[in-house]
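S.K.: Got a structure here, written out as structure tokens. Questions coming.
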Amino acid sequence: MAYIAMATGFLLVLIGFYGALTQRNLLRMIVAFTIADSGVNIVIVAIGYMRGRTAPILDATVSAAEAVQRIIDPVPQALVLTAIVIGVGITALMLAYAYRLYERKHTLDIAKLTDLQG
Amino acid sequence: MIKRAVALVLLLMLGGIFATLMLGYTPDSELNLTARYYAERTAADLGAANIVTAIVVTYRGLDTLGEVTVLFLSASIVGLVLASNRRPALRVRTPVGELLTTGARFLVPLILLLGVYVFVNGHLTPGGGFQGGAIIASGVLLLLLADPLRHFSHHVIATVESLAGLFYVAIGLAGLFLAGGFLDNRLWPIGTLGELFSAGAIPLIYSLIGLKVGAEFSSMLASLSETEEL
């Protein structure tokens, strides 16, 4: 299970990077980056998974005393929680910049954005 | 085509690194030292049933404050980047359809309620301030879809956001004087594990985070929607 999730995550990272490297449309590149972002999150969550254990929440079925034997690693989940939120912020920023670029140049094709070429 | 080939070669190398990582990976059969500490001590020390929440809000509370600051920064930069083109464009109302309008009227209060439920129960159930805030912002998104011309007061959003941030830091500082340190949740007795009013200041802090995140996401959505040329 952990291996399937991890392989999926790595595959998504590769797909995302492939898209970011080969696409020329800015919006498609942004989508590619969010796919890679999700892939990294899946990999981190998969690392915290442990077979036969349950979510790190104490309730009637998982008492505080037996938590060490029953729960999966909570640290990767806390990390991914942070990563997802920051990912949303980054995506919004990228979209805002892409919008401004489109407004000025009337194109989203990076091959036509040549301001920095000498 | 050369570009595509170079990209493929790069990805093949990256895939090779990933494959080696995966082949060398063996899942832990026991919790590591850090995780073990959190699993053993959370219930006794902080009284939070959701250990992830305990880590995010209290053990690593300072990092969460930083995270909320990063989110605030990106929301303000989105506002700044998109602000200068708020021109009085000809705004013609295009009908969005009866289904969407009525659906939004029916669903938005329920979505807001769900968002509040998720962040108030962040210390007991999966979820918390960030998730609840995102749900609230999705309600705002539905409102914007139903009426693209709707104008959200940036003033109100900014007030909610800054008050939530202010109280968040104030509670953190109160922890410095009344409890063990910055953002310590034991300002008052931690109560019984699993009850709504337990875990000290965690529900309060997470609710403030929920409001702040909801306001930040909403301001991003409002800024993005105001750019639309209708």
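Residue numbers start at 1 in each chain; chains themselves are named A, B, ... in the order of the structure tokens; ligands are numbered from 1 in the order shown.
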From a DSSP calculation on the backbone, collect every residue of range 62-214 of chain B in helix (DSSP H, G or I) and output the set as an MDAnalysis selection string.

M.R.: chainID B and resid 62:83 98:120 129:146 154:178 202:214

S.K.: Using only C-alpha atoms, which chain A residues lie at most 6 Å away from chain B, written as a PyMOL selection string?

M.R.: chain A and resi 56-58+67-68+73-74+78+89+93+96

S.K.: Can you list, as a list in words, every protein, DNA or RNA residue that comes within 7 Å of Tyr206 in chain B when you count only C-alpha atoms, leaving out same-chain residues fewer than 6 positions away?

M.R.: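 The contact residues come out as Phe119, Gly122, Gly128 and Gly129 of chain B.
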
S.K.: Pull N, CA and C atoms from the residues just selected and write them as a short mmCIF file (atom, residue, chain, number, x, y, z; two decimals), in the first residue's frame.

M.R.:
data_model
loop_
_atom_site.label_atom_id
_atom_site.label_comp_id
_atom_site.auth_asym_id
_atom_site.auth_seq_id
_atom_site.Cartn_x
_atom_site.Cartn_y
_atom_site.Cartn_z
N PHE B 119 -13.31 23.67 11.87
CA PHE B 119 -12.19 24.25 12.63
C PHE B 119 -12.43 24.29 14.13
N GLY B 122 -11.26 20.95 15.46
CA GLY B 122 -9.94 20.58 14.95
C GLY B 122 -9.12 19.74 15.90
N GLY B 128 -9.33 21.01 10.89
CA GLY B 128 -8.75 22.06 11.70
C GLY B 128 -8.85 23.39 10.99
N GLY B 129 -8.06 24.34 11.46
CA GLY B 129 -8.17 25.71 10.97
C GLY B 129 -7.94 25.84 9.48
#

S.K.: Name the residues in contact with Gly103 in chain B at a cut-off of 12 Å, using only C-alpha atoms, excluding same-chain residues fewer than 6 positions from it; report them as a tab-separated table (two decimals) with C-alpha atoms, in the first residue's frame.

M.R.:
chain	number	residue	atom	x	y	z
B	96	VAL	CA	-25.61	32.39	-14.65
B	97	GLY	CA	-28.67	30.21	-14.51
B	109	PRO	CA	-24.91	28.81	4.68
B	110	LEU	CA	-24.41	25.05	5.00
B	111	ILE	CA	-20.87	25.29	3.64
B	139	GLY	CA	-18.43	29.01	0.04
B	142	LEU	CA	-19.66	29.52	-4.87
B	143	LEU	CA	-21.06	33.01	-4.20
B	145	LEU	CA	-19.69	31.78	-9.34
B	146	ALA	CA	-23.36	32.51	-8.77
B	147	ASP	CA	-22.88	36.25	-9.09

S.K.: Would you mind reading off the distance between CA of Leu107 in chain B and CA of Gly87 in chain A, one decimal, in Å?

M.R.: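 Separating CA of Leu107 in chain B from CA of Gly87 in chain A is a distance of 26.8 Å.
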
S.K.: List as a tab-separated table (two decimals) with N, CA, C and O atoms, in the first residue's frame the protein and nucleic acid residues near Thr34 in chain A, meaning an atom at most 12 Å away when only C-alpha atoms are counted, but skip any in the same chain fewer than 5 places from it.

M.R.:
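So the final result, stored in part.tsv, reads:
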chain	number	residue	atom	x	y	z
A	12	LEU	N	3.63	11.14	-10.31
A	12	LEU	CA	3.01	12.45	-10.48
A	12	LEU	C	4.07	13.55	-10.53
A	12	LEU	O	3.96	14.50	-11.30
A	13	VAL	N	5.12	13.41	-9.70
A	13	VAL	CA	6.21	14.40	-9.74
A	13	VAL	C	6.84	14.41	-11.13
A	13	VAL	O	7.06	15.48	-11.72
A	14	LEU	N	7.10	13.20	-11.68
A	14	LEU	CA	7.72	13.13	-13.00
A	14	LEU	C	6.80	13.73	-14.07
A	14	LEU	O	7.25	14.48	-14.93
A	15	ILE	N	5.50	13.38	-14.00
A	15	ILE	CA	4.55	13.93	-14.98
A	15	ILE	C	4.54	15.45	-14.89
A	15	ILE	O	4.57	16.16	-15.90
A	16	GLY	N	4.51	15.94	-13.63
A	16	GLY	CA	4.47	17.39	-13.44
A	16	GLY	C	5.69	18.06	-14.02
A	16	GLY	O	5.58	19.07	-14.74
A	17	PHE	N	6.89	17.50	-13.75
A	17	PHE	CA	8.11	18.11	-14.26
A	17	PHE	C	8.15	18.03	-15.79
A	17	PHE	O	8.59	18.97	-16.45
A	19	GLY	N	5.62	18.09	-17.77
A	19	GLY	CA	4.74	19.15	-18.26
A	19	GLY	C	5.40	20.51	-18.14
A	19	GLY	O	5.36	21.31	-19.08
A	20	ALA	N	6.04	20.76	-17.00
A	20	ALA	CA	6.64	22.08	-16.79
A	20	ALA	C	7.78	22.32	-17.77
A	20	ALA	O	8.03	23.45	-18.19
A	27	LEU	N	-0.22	28.80	-18.33
A	27	LEU	CA	-1.26	28.17	-17.50
A	27	LEU	C	-1.02	26.68	-17.38
A	27	LEU	O	-1.16	26.09	-16.32
A	28	ARG	N	-0.62	26.06	-18.51
A	28	ARG	CA	-0.33	24.63	-18.45
A	28	ARG	C	0.86	24.34	-17.55
A	28	ARG	O	0.90	23.32	-16.86
A	29	MET	N	1.85	25.23	-17.58
A	29	MET	CA	3.01	25.04	-16.70
A	29	MET	C	2.57	25.11	-15.23
A	29	MET	O	3.05	24.35	-14.38
A	39	GLY	N	2.17	15.32	-6.06
A	39	GLY	CA	2.98	14.12	-6.03
A	39	GLY	C	3.90	14.09	-4.82
A	39	GLY	O	3.99	13.09	-4.10
A	40	VAL	N	4.56	15.24	-4.54
A	40	VAL	CA	5.45	15.30	-3.38
A	40	VAL	C	4.67	15.06	-2.09
A	40	VAL	O	5.09	14.31	-1.21
A	41	ASN	N	3.47	15.66	-2.01
A	41	ASN	CA	2.65	15.46	-0.81
A	41	ASN	C	2.30	13.99	-0.61
A	41	ASN	O	2.37	13.48	0.51
A	83	ALA	N	2.43	21.97	3.78
A	83	ALA	CA	2.83	22.05	2.37
A	83	ALA	C	1.64	22.36	1.47
A	83	ALA	O	1.76	23.11	0.52
A	84	ILE	N	0.48	21.75	1.77
A	84	ILE	CA	-0.71	21.97	0.93
A	84	ILE	C	-1.10	23.45	0.97
A	84	ILE	O	-1.37	24.07	-0.06
A	86	ILE	N	0.71	26.10	1.77
A	86	ILE	CA	1.67	26.95	1.06
A	86	ILE	C	1.53	26.75	-0.44
A	86	ILE	O	1.65	27.69	-1.22
A	87	GLY	N	1.24	25.50	-0.86
A	87	GLY	CA	1.05	25.23	-2.29
A	87	GLY	C	-0.07	26.07	-2.88
A	87	GLY	O	0.06	26.59	-3.99
A	88	VAL	N	-1.16	26.21	-2.13
A	88	VAL	CA	-2.27	27.04	-2.61
A	88	VAL	C	-1.82	28.49	-2.79
A	88	VAL	O	-2.11	29.13	-3.81
A	89	GLY	N	-1.07	28.97	-1.79
A	89	GLY	CA	-0.58	30.35	-1.88
A	89	GLY	C	0.30	30.56	-3.10
A	89	GLY	O	0.15	31.54	-3.84
A	90	ILE	N	1.20	29.59	-3.35
A	90	ILE	CA	2.11	29.70	-4.49
A	90	ILE	C	1.32	29.68	-5.80
A	90	ILE	O	1.58	30.45	-6.72
A	91	THR	N	0.33	28.77	-5.87
A	91	THR	CA	-0.47	28.68	-7.10
A	91	THR	C	-1.19	29.99	-7.37
A	91	THR	O	-1.22	30.48	-8.50
A	92	ALA	N	-1.77	30.58	-6.31
A	92	ALA	CA	-2.48	31.85	-6.50
A	92	ALA	C	-1.52	32.93	-6.99
A	92	ALA	O	-1.85	33.71	-7.90
A	94	MET	N	1.28	32.45	-8.73
A	94	MET	CA	1.64	32.18	-10.13
A	94	MET	C	0.52	32.64	-11.06
A	94	MET	O	0.77	33.24	-12.11
A	95	LEU	N	-0.74	32.34	-10.66
A	95	LEU	CA	-1.86	32.73	-11.51
A	95	LEU	C	-1.95	34.25	-11.63
A	95	LEU	O	-2.21	34.78	-12.73

S.K.: Tell me which protein, DNA and RNA residues are within 10 Å of Ala46 in chain A, counting only C-alpha atoms, leaving out same-chain ones fewer than 3 positions away, and put them as a list in words.

M.R.: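 Neighbouring residues, sequence-local ones excluded: Met1, Ala2, Tyr3, Ile4, Ala5, Met6, Ala7, Thr8, Gly9, Val40, Asn41, Ile42, Val43, Tyr49, Met50, Pro76 and Gln77 of chain A; Pro27 of chain B.
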
S.K.: As JSON, numbers by chain, please: the residues near range 154-159 of chain B (cut-off 9 Å, only C-alpha atoms, same-chain neighbours under 5 positions excluded).

M.R.: {"B": [164, 215, 216, 218, 219, 222, 223]}

S.K.: Rank A:Leu26, A:Leu11, A:Ala98, A:Tyr18 by their smallest atom-to-atom distance to Ile110 in chain A, using only C-alpha atoms, and report the top residue only.

M.R.: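 Of the candidates, the smallest distance to Ile110 in chain A is held by A:Leu26.
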
S.K.: For CA of Val118 in chain B and CA of Ile136 in chain B, quote the distance in Å rounded to one decimal.

M.R.: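 Between these atoms lies a distance of 9.9 Å.
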
S.K.: Quick one: DSSP strand (DSSP E or B) residues in chain A, as a PyMOL selection string?

M.R.: chain A and resi 25+54+57+71+109
